[in-house]
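Participant: My file is work23.pdb. It has PDB, C-alpha atoms and all ligand atoms:
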MODEL        1
ATOM      1  CA  MET E   1      25.497  -5.384   6.981
ATOM      2  CA  ASP E   2      23.992  -4.831   3.522
ATOM      3  CA  ARG E   3      20.254  -5.168   3.444
ATOM      4  CA  LYS E   4      17.679  -4.604   0.764
ATOM      5  CA  GLY E   5      14.849  -2.243   1.630
ATOM      6  CA  LEU E   6      11.523  -3.629   2.801
ATOM      7  CA  LEU E   7       8.553  -3.654   0.470
ATOM      8  CA  LEU E   8       5.718  -2.489   2.733
ATOM      9  CA  VAL E   9       2.112  -2.767   1.630
ATOM     10  CA  LEU E  10      -0.589  -0.889   3.507
ATOM     11  CA  SER E  11      -3.922  -2.136   2.307
ATOM     12  CA  GLY E  12      -7.532  -2.574   3.364
ATOM     13  CA  PRO E  13     -10.967  -1.461   2.301
ATOM     14  CA  SER E  14     -11.593   1.979   0.881
ATOM     15  CA  GLY E  15     -12.618   4.207   3.798
ATOM     16  CA  ALA E  16     -10.649   2.314   6.476
ATOM     17  CA  GLY E  17      -8.206   5.207   6.575
ATOM     18  CA  LYS E  18      -5.074   3.892   4.851
ATOM     19  CA  GLY E  19      -4.436   7.247   3.178
ATOM     20  CA  THR E  20      -4.611   9.193   6.442
ATOM     21  CA  ILE E  21      -2.348   6.707   8.217
ATOM     22  CA  CYS E  22       0.120   6.884   5.353
ATOM     23  CA  ASP E  23       0.247  10.687   5.449
ATOM     24  CA  LYS E  24       0.796  10.700   9.209
ATOM     25  CA  PHE E  25       3.431   7.971   9.016
ATOM     26  CA  MET E  26       5.316   9.749   6.226
ATOM     27  CA  GLN E  27       5.457  13.013   8.228
ATOM     28  CA  ASN E  28       7.685  11.342  10.805
ATOM     29  CA  ASN E  29       9.473   8.711   8.739
ATOM     30  CA  LYS E  30      11.223  10.542   5.938
ATOM     31  CA  ASP E  31      13.625   7.671   5.308
ATOM     32  CA  VAL E  32      10.760   5.565   3.892
ATOM     33  CA  LEU E  33       9.748   6.206   0.283
ATOM     34  CA  LEU E  34       6.025   6.411  -0.429
ATOM     35  CA  SER E  35       5.444   5.102  -3.934
ATOM     36  CA  VAL E  36       3.311   7.429  -6.090
ATOM     37  CA  SER E  37       0.774   5.394  -8.058
ATOM     38  CA  SER E  38      -0.424   6.122 -11.549
ATOM     39  CA  THR E  39      -4.144   6.418 -12.165
ATOM     40  CA  THR E  40      -6.634   7.282 -14.860
ATOM     41  CA  ARG E  41      -8.980   8.795 -12.263
ATOM     42  CA  LYS E  42      -9.449  12.564 -12.377
ATOM     43  CA  PRO E  43      -7.718  14.555  -9.609
ATOM     44  CA  ARG E  44      -9.865  15.462  -6.591
ATOM     45  CA  GLU E  45      -9.739  18.935  -5.136
ATOM     46  CA  GLY E  46      -6.545  19.422  -3.154
ATOM     47  CA  GLU E  47      -4.676  16.562  -4.812
ATOM     48  CA  ILE E  48      -1.341  17.346  -6.426
ATOM     49  CA  ALA E  49      -0.134  15.738  -9.661
ATOM     50  CA  GLY E  50       3.074  13.787  -9.111
ATOM     51  CA  VAL E  51       2.523  13.762  -5.323
ATOM     52  CA  SER E  52      -0.955  12.295  -4.787
ATOM     53  CA  TYR E  53      -0.886  10.342  -8.040
ATOM     54  CA  ASN E  54       0.550  10.501 -11.535
ATOM     55  CA  TYR E  55      -2.588  11.299 -13.505
ATOM     56  CA  ILE E  56      -2.409   9.641 -16.901
ATOM     57  CA  THR E  57      -4.819   8.732 -19.696
ATOM     58  CA  LYS E  58      -6.249   5.283 -20.308
ATOM     59  CA  ASP E  59      -4.063   4.958 -23.419
ATOM     60  CA  GLU E  60      -0.923   5.894 -21.509
ATOM     61  CA  PHE E  61      -1.811   3.420 -18.765
ATOM     62  CA  GLU E  62      -2.409   0.601 -21.197
ATOM     63  CA  THR E  63       0.864   1.280 -23.036
ATOM     64  CA  GLN E  64       2.850   1.241 -19.780
ATOM     65  CA  LEU E  65       1.025  -1.917 -18.763
ATOM     66  CA  LYS E  66       2.006  -3.615 -22.013
ATOM     67  CA  ASN E  67       5.626  -2.612 -21.417
ATOM     68  CA  ASP E  68       5.578  -4.241 -17.977
ATOM     69  CA  GLY E  69       5.792  -0.829 -16.332
ATOM     70  CA  PHE E  70       3.708  -1.755 -13.263
ATOM     71  CA  LEU E  71       4.524  -3.984 -10.289
ATOM     72  CA  GLU E  72       0.799  -4.477  -9.812
ATOM     73  CA  HIS E  73      -2.322  -2.847 -11.117
ATOM     74  CA  VAL E  74      -6.068  -2.967 -10.801
ATOM     75  CA  HIS E  75      -9.105  -1.719 -12.661
ATOM     76  CA  VAL E  76     -11.506  -0.601  -9.984
ATOM     77  CA  PHE E  77     -14.195   2.047  -9.486
ATOM     78  CA  GLU E  78     -14.153   2.514 -13.272
ATOM     79  CA  ASN E  79     -10.475   3.510 -13.298
ATOM     80  CA  TYR E  80      -7.006   2.028 -13.521
ATOM     81  CA  TYR E  81      -4.543   2.277 -10.631
ATOM     82  CA  GLY E  82      -0.980   0.929 -10.729
ATOM     83  CA  THR E  83       2.385   0.962  -8.961
ATOM     84  CA  PRO E  84       5.211   2.066 -11.255
ATOM     85  CA  ARG E  85       7.821  -0.678 -11.272
ATOM     86  CA  GLN E  86      11.168   1.002 -11.801
ATOM     87  CA  SER E  87      11.449   3.453  -8.921
ATOM     88  CA  VAL E  88      10.204   0.894  -6.386
ATOM     89  CA  MET E  89      12.690  -1.765  -7.497
ATOM     90  CA  ASP E  90      15.630   0.664  -7.663
ATOM     91  CA  ASN E  91      14.995   1.970  -4.168
ATOM     92  CA  ILE E  92      14.601  -1.459  -2.618
ATOM     93  CA  GLU E  93      17.843  -2.599  -4.243
ATOM     94  CA  GLN E  94      19.590   0.437  -2.763
ATOM     95  CA  GLY E  95      18.330  -0.412   0.722
ATOM     96  CA  THR E  96      15.450   2.074   0.997
ATOM     97  CA  ASP E  97      12.150   0.874   2.453
ATOM     98  CA  VAL E  98       9.257   1.529   0.083
ATOM     99  CA  LEU E  99       5.628   1.869   1.118
ATOM    100  CA  LEU E 100       2.699   1.099  -1.194
ATOM    101  CA  GLU E 101      -0.781   2.256  -0.229
ATOM    102  CA  ILE E 102      -2.983   0.119  -2.435
ATOM    103  CA  GLU E 103      -6.235  -1.837  -2.463
ATOM    104  CA  ILE E 104      -6.519  -5.560  -1.892
ATOM    105  CA  VAL E 105      -6.396  -7.056  -5.400
ATOM    106  CA  GLY E 106      -3.112  -5.223  -6.020
ATOM    107  CA  ALA E 107      -1.793  -6.281  -2.614
ATOM    108  CA  MET E 108      -2.420  -9.926  -3.534
ATOM    109  CA  GLN E 109      -0.485  -9.470  -6.800
ATOM    110  CA  ILE E 110       2.429  -8.090  -4.765
ATOM    111  CA  LYS E 111       2.259 -11.015  -2.325
ATOM    112  CA  LYS E 112       2.447 -13.472  -5.191
ATOM    113  CA  ARG E 113       5.385 -11.770  -6.870
ATOM    114  CA  PHE E 114       7.228 -10.756  -3.697
ATOM    115  CA  PRO E 115       6.524 -13.228  -0.907
ATOM    116  CA  GLU E 116       8.943 -11.257   1.279
ATOM    117  CA  ALA E 117       6.724  -8.116   1.149
ATOM    118  CA  VAL E 118       5.223  -7.004   4.478
ATOM    119  CA  LEU E 119       1.438  -6.889   4.157
ATOM    120  CA  ILE E 120      -0.488  -4.759   6.635
ATOM    121  CA  PHE E 121      -4.295  -4.688   6.684
ATOM    122  CA  VAL E 122      -6.064  -1.558   7.931
ATOM    123  CA  LEU E 123      -9.468  -2.135   9.504
ATOM    124  CA  PRO E 124     -12.100   0.446  10.443
ATOM    125  CA  PRO E 125     -13.203   0.443  14.107
ATOM    126  CA  SER E 126     -16.647  -0.756  12.934
ATOM    127  CA  ILE E 127     -18.763  -1.177   9.792
ATOM    128  CA  GLU E 128     -20.902   1.828  10.844
ATOM    129  CA  GLU E 129     -17.770   3.945  11.068
ATOM    130  CA  LEU E 130     -16.615   2.781   7.639
ATOM    131  CA  GLU E 131     -19.961   3.743   6.146
ATOM    132  CA  SER E 132     -19.895   7.139   7.759
ATOM    133  CA  ARG E 133     -16.304   7.806   6.563
ATOM    134  CA  ILE E 134     -17.165   6.982   2.964
ATOM    135  CA  HIS E 135     -20.225   9.258   3.173
ATOM    136  CA  LYS E 136     -18.316  12.089   4.833
ATOM    137  CA  ARG E 137     -15.696  12.218   2.131
ATOM    138  CA  GLY E 138     -18.497  13.529  -0.059
ATOM    139  CA  THR E 139     -16.550  13.242  -3.294
ATOM    140  CA  GLU E 140     -18.409  10.219  -4.661
ATOM    141  CA  THR E 141     -21.896   9.925  -6.089
ATOM    142  CA  GLN E 142     -24.518   7.816  -4.308
ATOM    143  CA  SER E 143     -23.917   4.848  -6.633
ATOM    144  CA  GLN E 144     -20.129   5.113  -6.208
ATOM    145  CA  ILE E 145     -20.570   5.104  -2.406
ATOM    146  CA  LYS E 146     -22.724   1.979  -2.647
ATOM    147  CA  LEU E 147     -20.077   0.324  -4.843
ATOM    148  CA  ARG E 148     -17.282   1.182  -2.398
ATOM    149  CA  LEU E 149     -19.249  -0.149   0.584
ATOM    150  CA  GLU E 150     -20.135  -3.430  -1.077
ATOM    151  CA  ARG E 151     -16.560  -3.916  -2.129
ATOM    152  CA  ALA E 152     -15.283  -3.035   1.363
ATOM    153  CA  LEU E 153     -17.412  -5.730   2.988
ATOM    154  CA  LYS E 154     -16.152  -8.346   0.543
ATOM    155  CA  GLU E 155     -12.574  -7.233   1.021
ATOM    156  CA  MET E 156     -12.588  -7.725   4.799
ATOM    157  CA  LYS E 157     -12.610 -11.461   4.155
ATOM    158  CA  GLU E 158      -9.114 -11.295   2.658
ATOM    159  CA  ILE E 159      -7.469 -10.558   5.992
ATOM    160  CA  ASN E 160      -6.047 -14.077   6.309
ATOM    161  CA  GLU E 161      -3.605 -13.290   3.522
ATOM    162  CA  TYR E 162      -1.935 -10.569   5.606
ATOM    163  CA  SER E 163       0.802 -10.607   8.223
ATOM    164  CA  TYR E 164      -0.392  -7.699  10.353
ATOM    165  CA  PHE E 165      -3.521  -5.700  11.018
ATOM    166  CA  ILE E 166      -4.121  -2.248  12.406
ATOM    167  CA  ILE E 167      -7.537  -1.205  13.723
ATOM    168  CA  ASN E 168      -7.595   2.449  12.789
ATOM    169  CA  LYS E 169      -9.164   4.151  15.815
ATOM    170  CA  ASP E 170      -6.660   6.939  16.085
ATOM    171  CA  VAL E 171      -4.331   7.992  13.305
ATOM    172  CA  ASP E 172      -1.307   8.721  15.546
ATOM    173  CA  GLU E 173      -1.619   5.328  17.196
ATOM    174  CA  SER E 174      -1.987   3.617  13.812
ATOM    175  CA  ALA E 175       1.122   5.334  12.432
ATOM    176  CA  ASP E 176       3.012   4.215  15.570
ATOM    177  CA  TYR E 177       1.908   0.649  14.958
ATOM    178  CA  MET E 178       3.317   0.852  11.442
ATOM    179  CA  LYS E 179       6.646   1.924  12.828
ATOM    180  CA  CYS E 180       6.613  -0.977  15.301
ATOM    181  CA  ILE E 181       5.803  -3.445  12.533
ATOM    182  CA  ILE E 182       8.753  -2.193  10.486
ATOM    183  CA  LYS E 183      11.054  -2.486  13.503
ATOM    184  CA  ALA E 184       9.876  -6.034  14.131
ATOM    185  CA  GLU E 185      10.490  -6.973  10.497
ATOM    186  CA  LYS E 186      13.975  -5.458  10.643
ATOM    187  CA  SER E 187      14.743  -7.749  13.568
ATOM    188  CA  SER E 188      13.388 -10.844  11.908
ATOM    189  CA  VAL E 189      15.967 -13.645  11.915
ATOM    190  CA  ARG E 190      13.957 -15.513   9.300
ATOM    191  CA  ARG E 191      14.244 -12.528   6.982
ATOM    192  CA  TYR E 192      17.905 -11.703   7.514
ATOM    193  CA  SER E 193      19.632 -14.910   8.608
ATOM    194  CA  GLU E 194      21.765 -15.159   5.451
ATOM    195  CA  GLU E 195      22.932 -11.545   5.608
ATOM    196  CA  LEU E 196      23.659 -11.888   9.326
ATOM    197  CA  LEU E 197      25.742 -15.020   8.928
ATOM    198  CA  ASP E 198      27.644 -13.520   5.990
ATOM    199  CA  PHE E 199      28.311 -10.336   7.885
ATOM    200  CA  TYR E 200      29.709 -11.998  10.986
ATOM    201  CA  LYS E 201      31.780 -14.380   8.909
ATOM    202  CA  GLU E 202      33.414 -11.373   7.245
ATOM    203  CA  GLU E 203      34.026  -9.707  10.580
ATOM    204  CA  LYS E 204      36.264 -12.509  11.867
TER     205      LYS E 204
HETATM  206  P1  LIG O 301      -8.892   6.677  -4.508
HETATM  207  O1  LIG O 301      -9.620   6.800  -5.813
HETATM  208  O2  LIG O 301      -9.810   6.854  -3.329
HETATM  209  O3  LIG O 301      -7.671   7.573  -4.429
HETATM  210  O4  LIG O 301      -8.320   5.188  -4.432
HETATM  211  C1  LIG O 301      -9.167   4.099  -4.584
HETATM  212  C2  LIG O 301      -8.462   2.854  -4.087
HETATM  213  O5  LIG O 301      -7.368   2.549  -4.947
HETATM  214  C3  LIG O 301      -7.879   3.011  -2.692
HETATM  215  O6  LIG O 301      -8.221   1.858  -1.961
HETATM  216  C4  LIG O 301      -6.390   3.116  -2.942
HETATM  217  O7  LIG O 301      -5.648   2.583  -1.865
HETATM  218  C5  LIG O 301      -6.242   2.240  -4.163
HETATM  219  N1  LIG O 301      -5.017   2.512  -4.917
HETATM  220  C6  LIG O 301      -4.352   3.676  -5.078
HETATM  221  N2  LIG O 301      -3.261   3.491  -5.843
HETATM  222  C7  LIG O 301      -3.224   2.177  -6.166
HETATM  223  C8  LIG O 301      -2.315   1.357  -6.920
HETATM  224  O8  LIG O 301      -1.309   1.787  -7.466
HETATM  225  N3  LIG O 301      -2.624   0.044  -7.022
HETATM  226  C9  LIG O 301      -3.734  -0.502  -6.437
HETATM  227  N4  LIG O 301      -3.920  -1.808  -6.581
HETATM  228  N5  LIG O 301      -4.587   0.234  -5.733
HETATM  229  C10 LIG O 301      -4.340   1.553  -5.584
ENDMDL
END
Take the structure in the file and give it back as structure tokens.
Ligand code: 5GP

Facilitator:
Amino acid sequence: MDRKGLLLVLSGPSGAGKGTICDKFMQNNKDVLLSVSSTTRKPREGEIAGVSYNYITKDEFETQLKNDGFLEHVHVFENYYGTPRQSVMDNIEQGTDVLLEIEIVGAMQIKKRFPEAVLIFVLPPSIEELESRIHKRGTETQSQIKLRLERALKEMKEINEYSYFIINKDVDESADYMKCIIKAEKSSVRRYSEELLDFYKEEK
């Protein structure tokens, strides 16, 4: 049976742990493609160009944006972030599942354009824990931390727009949940009824 790949969106407030879950999930699920976003933010220590992000200038971002080069994008924390369109679309067409790890405004743009996308919301175990994670990262200034926290609290209210949630207590458990969600979606009659009926018609 021919199936398109799933468009998976892992989203949630900054500091909830989406990045860590993504890394863990990708270690054991090499058949899923993790989309590399483009950003105008400067690389942090340990980040690798082309793997963590494509680091581009504001001018480059705005040109690509004009040319419809992004599936979604956002201007947040004083920088642009966006999902390059072409590679995601090509892979989905070829049947590969593609994972986006993005913030909530971008996730809502994806939901609008691709109602069939699977939206997963990552929650911190508590607000105190979220605060402590943002502090611990230690890469942001005091005012940036404040900005991220305020935004995180607002963002929690968007959860109704999502299909699934994961409370990120333990990264291994959270990555397992992602796998289960994908399996459930791959067994969804609602999603695949046409392909199923076509396939079994051909088989006769
Ligand atoms: P950071 O600067 O910590 O790497 O990322 C800041 C936020 O931007 C995170 O919540 C991250 O998930 C989100 N983000 C990263 N890439 C993209 C993207 O391509 N689109 C959107 N909408 N958000 C992104």

Participant: Enumerate residues in contact with ligand LIG 301 (chain O): an atom-to-atom distance of at most 10 Å, counting all atoms listed in the file. Format the result as a ChimeraX atom specification.

Facilitator: /E:10-19,35-44,47,52-54,70-84,100-110,134,137,139-140,148,152

Participant: If you keep C-alpha atoms, can you produce a file of those selected residues as a PDB file, keeping the file's coordinate frame?

Facilitator:
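Wrote selection_27.pdb, looks like this:
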ATOM      1  CA  LEU E  10      -0.589  -0.889   3.507  1.00  0.00           C
ATOM      2  CA  SER E  11      -3.922  -2.136   2.307  1.00  0.00           C
ATOM      3  CA  GLY E  12      -7.532  -2.574   3.364  1.00  0.00           C
ATOM      4  CA  PRO E  13     -10.967  -1.461   2.301  1.00  0.00           C
ATOM      5  CA  SER E  14     -11.593   1.979   0.881  1.00  0.00           C
ATOM      6  CA  GLY E  15     -12.618   4.207   3.798  1.00  0.00           C
ATOM      7  CA  ALA E  16     -10.649   2.314   6.476  1.00  0.00           C
ATOM      8  CA  GLY E  17      -8.206   5.207   6.575  1.00  0.00           C
ATOM      9  CA  LYS E  18      -5.074   3.892   4.851  1.00  0.00           C
ATOM     10  CA  GLY E  19      -4.436   7.247   3.178  1.00  0.00           C
ATOM     11  CA  SER E  35       5.444   5.102  -3.934  1.00  0.00           C
ATOM     12  CA  VAL E  36       3.311   7.429  -6.090  1.00  0.00           C
ATOM     13  CA  SER E  37       0.774   5.394  -8.058  1.00  0.00           C
ATOM     14  CA  SER E  38      -0.424   6.122 -11.549  1.00  0.00           C
ATOM     15  CA  THR E  39      -4.144   6.418 -12.165  1.00  0.00           C
ATOM     16  CA  THR E  40      -6.634   7.282 -14.860  1.00  0.00           C
ATOM     17  CA  ARG E  41      -8.980   8.795 -12.263  1.00  0.00           C
ATOM     18  CA  LYS E  42      -9.449  12.564 -12.377  1.00  0.00           C
ATOM     19  CA  PRO E  43      -7.718  14.555  -9.609  1.00  0.00           C
ATOM     20  CA  ARG E  44      -9.865  15.462  -6.591  1.00  0.00           C
ATOM     21  CA  GLU E  47      -4.676  16.562  -4.812  1.00  0.00           C
ATOM     22  CA  SER E  52      -0.955  12.295  -4.787  1.00  0.00           C
ATOM     23  CA  TYR E  53      -0.886  10.342  -8.040  1.00  0.00           C
ATOM     24  CA  ASN E  54       0.550  10.501 -11.535  1.00  0.00           C
ATOM     25  CA  PHE E  70       3.708  -1.755 -13.263  1.00  0.00           C
ATOM     26  CA  LEU E  71       4.524  -3.984 -10.289  1.00  0.00           C
ATOM     27  CA  GLU E  72       0.799  -4.477  -9.812  1.00  0.00           C
ATOM     28  CA  HIS E  73      -2.322  -2.847 -11.117  1.00  0.00           C
ATOM     29  CA  VAL E  74      -6.068  -2.967 -10.801  1.00  0.00           C
ATOM     30  CA  HIS E  75      -9.105  -1.719 -12.661  1.00  0.00           C
ATOM     31  CA  VAL E  76     -11.506  -0.601  -9.984  1.00  0.00           C
ATOM     32  CA  PHE E  77     -14.195   2.047  -9.486  1.00  0.00           C
ATOM     33  CA  GLU E  78     -14.153   2.514 -13.272  1.00  0.00           C
ATOM     34  CA  ASN E  79     -10.475   3.510 -13.298  1.00  0.00           C
ATOM     35  CA  TYR E  80      -7.006   2.028 -13.521  1.00  0.00           C
ATOM     36  CA  TYR E  81      -4.543   2.277 -10.631  1.00  0.00           C
ATOM     37  CA  GLY E  82      -0.980   0.929 -10.729  1.00  0.00           C
ATOM     38  CA  THR E  83       2.385   0.962  -8.961  1.00  0.00           C
ATOM     39  CA  PRO E  84       5.211   2.066 -11.255  1.00  0.00           C
ATOM     40  CA  LEU E 100       2.699   1.099  -1.194  1.00  0.00           C
ATOM     41  CA  GLU E 101      -0.781   2.256  -0.229  1.00  0.00           C
ATOM     42  CA  ILE E 102      -2.983   0.119  -2.435  1.00  0.00           C
ATOM     43  CA  GLU E 103      -6.235  -1.837  -2.463  1.00  0.00           C
ATOM     44  CA  ILE E 104      -6.519  -5.560  -1.892  1.00  0.00           C
ATOM     45  CA  VAL E 105      -6.396  -7.056  -5.400  1.00  0.00           C
ATOM     46  CA  GLY E 106      -3.112  -5.223  -6.020  1.00  0.00           C
ATOM     47  CA  ALA E 107      -1.793  -6.281  -2.614  1.00  0.00           C
ATOM     48  CA  MET E 108      -2.420  -9.926  -3.534  1.00  0.00           C
ATOM     49  CA  GLN E 109      -0.485  -9.470  -6.800  1.00  0.00           C
ATOM     50  CA  ILE E 110       2.429  -8.090  -4.765  1.00  0.00           C
ATOM     51  CA  ILE E 134     -17.165   6.982   2.964  1.00  0.00           C
ATOM     52  CA  ARG E 137     -15.696  12.218   2.131  1.00  0.00           C
ATOM     53  CA  THR E 139     -16.550  13.242  -3.294  1.00  0.00           C
ATOM     54  CA  GLU E 140     -18.409  10.219  -4.661  1.00  0.00           C
ATOM     55  CA  ARG E 148     -17.282   1.182  -2.398  1.00  0.00           C
ATOM     56  CA  ALA E 152     -15.283  -3.035   1.363  1.00  0.00           C
TER      57      ALA E 152
END

Participant: Written as a PDB file with C-alpha atoms, in the coordinates of the input, which residues does the PyMOL selection byres (((chain E and resi 156-171) around 8) and not hetatm) give for the file shown?

Facilitator:
ATOM      1  CA  GLY E  12      -7.532  -2.574   3.364  1.00  0.00           C
ATOM      2  CA  PRO E  13     -10.967  -1.461   2.301  1.00  0.00           C
ATOM      3  CA  ALA E  16     -10.649   2.314   6.476  1.00  0.00           C
ATOM      4  CA  GLY E  17      -8.206   5.207   6.575  1.00  0.00           C
ATOM      5  CA  THR E  20      -4.611   9.193   6.442  1.00  0.00           C
ATOM      6  CA  ILE E  21      -2.348   6.707   8.217  1.00  0.00           C
ATOM      7  CA  LYS E  24       0.796  10.700   9.209  1.00  0.00           C
ATOM      8  CA  ILE E 104      -6.519  -5.560  -1.892  1.00  0.00           C
ATOM      9  CA  MET E 108      -2.420  -9.926  -3.534  1.00  0.00           C
ATOM     10  CA  VAL E 118       5.223  -7.004   4.478  1.00  0.00           C
ATOM     11  CA  LEU E 119       1.438  -6.889   4.157  1.00  0.00           C
ATOM     12  CA  ILE E 120      -0.488  -4.759   6.635  1.00  0.00           C
ATOM     13  CA  PHE E 121      -4.295  -4.688   6.684  1.00  0.00           C
ATOM     14  CA  VAL E 122      -6.064  -1.558   7.931  1.00  0.00           C
ATOM     15  CA  LEU E 123      -9.468  -2.135   9.504  1.00  0.00           C
ATOM     16  CA  PRO E 124     -12.100   0.446  10.443  1.00  0.00           C
ATOM     17  CA  PRO E 125     -13.203   0.443  14.107  1.00  0.00           C
ATOM     18  CA  ALA E 152     -15.283  -3.035   1.363  1.00  0.00           C
ATOM     19  CA  LEU E 153     -17.412  -5.730   2.988  1.00  0.00           C
ATOM     20  CA  LYS E 154     -16.152  -8.346   0.543  1.00  0.00           C
ATOM     21  CA  GLU E 155     -12.574  -7.233   1.021  1.00  0.00           C
ATOM     22  CA  ASP E 172      -1.307   8.721  15.546  1.00  0.00           C
ATOM     23  CA  GLU E 173      -1.619   5.328  17.196  1.00  0.00           C
ATOM     24  CA  SER E 174      -1.987   3.617  13.812  1.00  0.00           C
ATOM     25  CA  ALA E 175       1.122   5.334  12.432  1.00  0.00           C
ATOM     26  CA  TYR E 177       1.908   0.649  14.958  1.00  0.00           C
ATOM     27  CA  ILE E 181       5.803  -3.445  12.533  1.00  0.00           C
TER      28      ILE E 181
END

Participant: Please expand the PyMOL selection byres (((chain E and resi 97) around 10) and not hetatm) into the concrete residues it hits in this file, giving the result as a count of residues only.

Facilitator: 19

Participant: In Å to one decimal, how far is CA of Glu116 in chain E from CA of Asn67 in chain E?

Facilitator: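 Here the two named atoms are 24.5 Å from each other.
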
Participant: If I take CA of Gln144 in chain E and CA of Lys58 in chain E, how far is one from the other in Å, to one decimal?

Facilitator: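 About the pair CA of Gln144 in chain E and CA of Lys58 in chain E: they are 19.8 Å apart.
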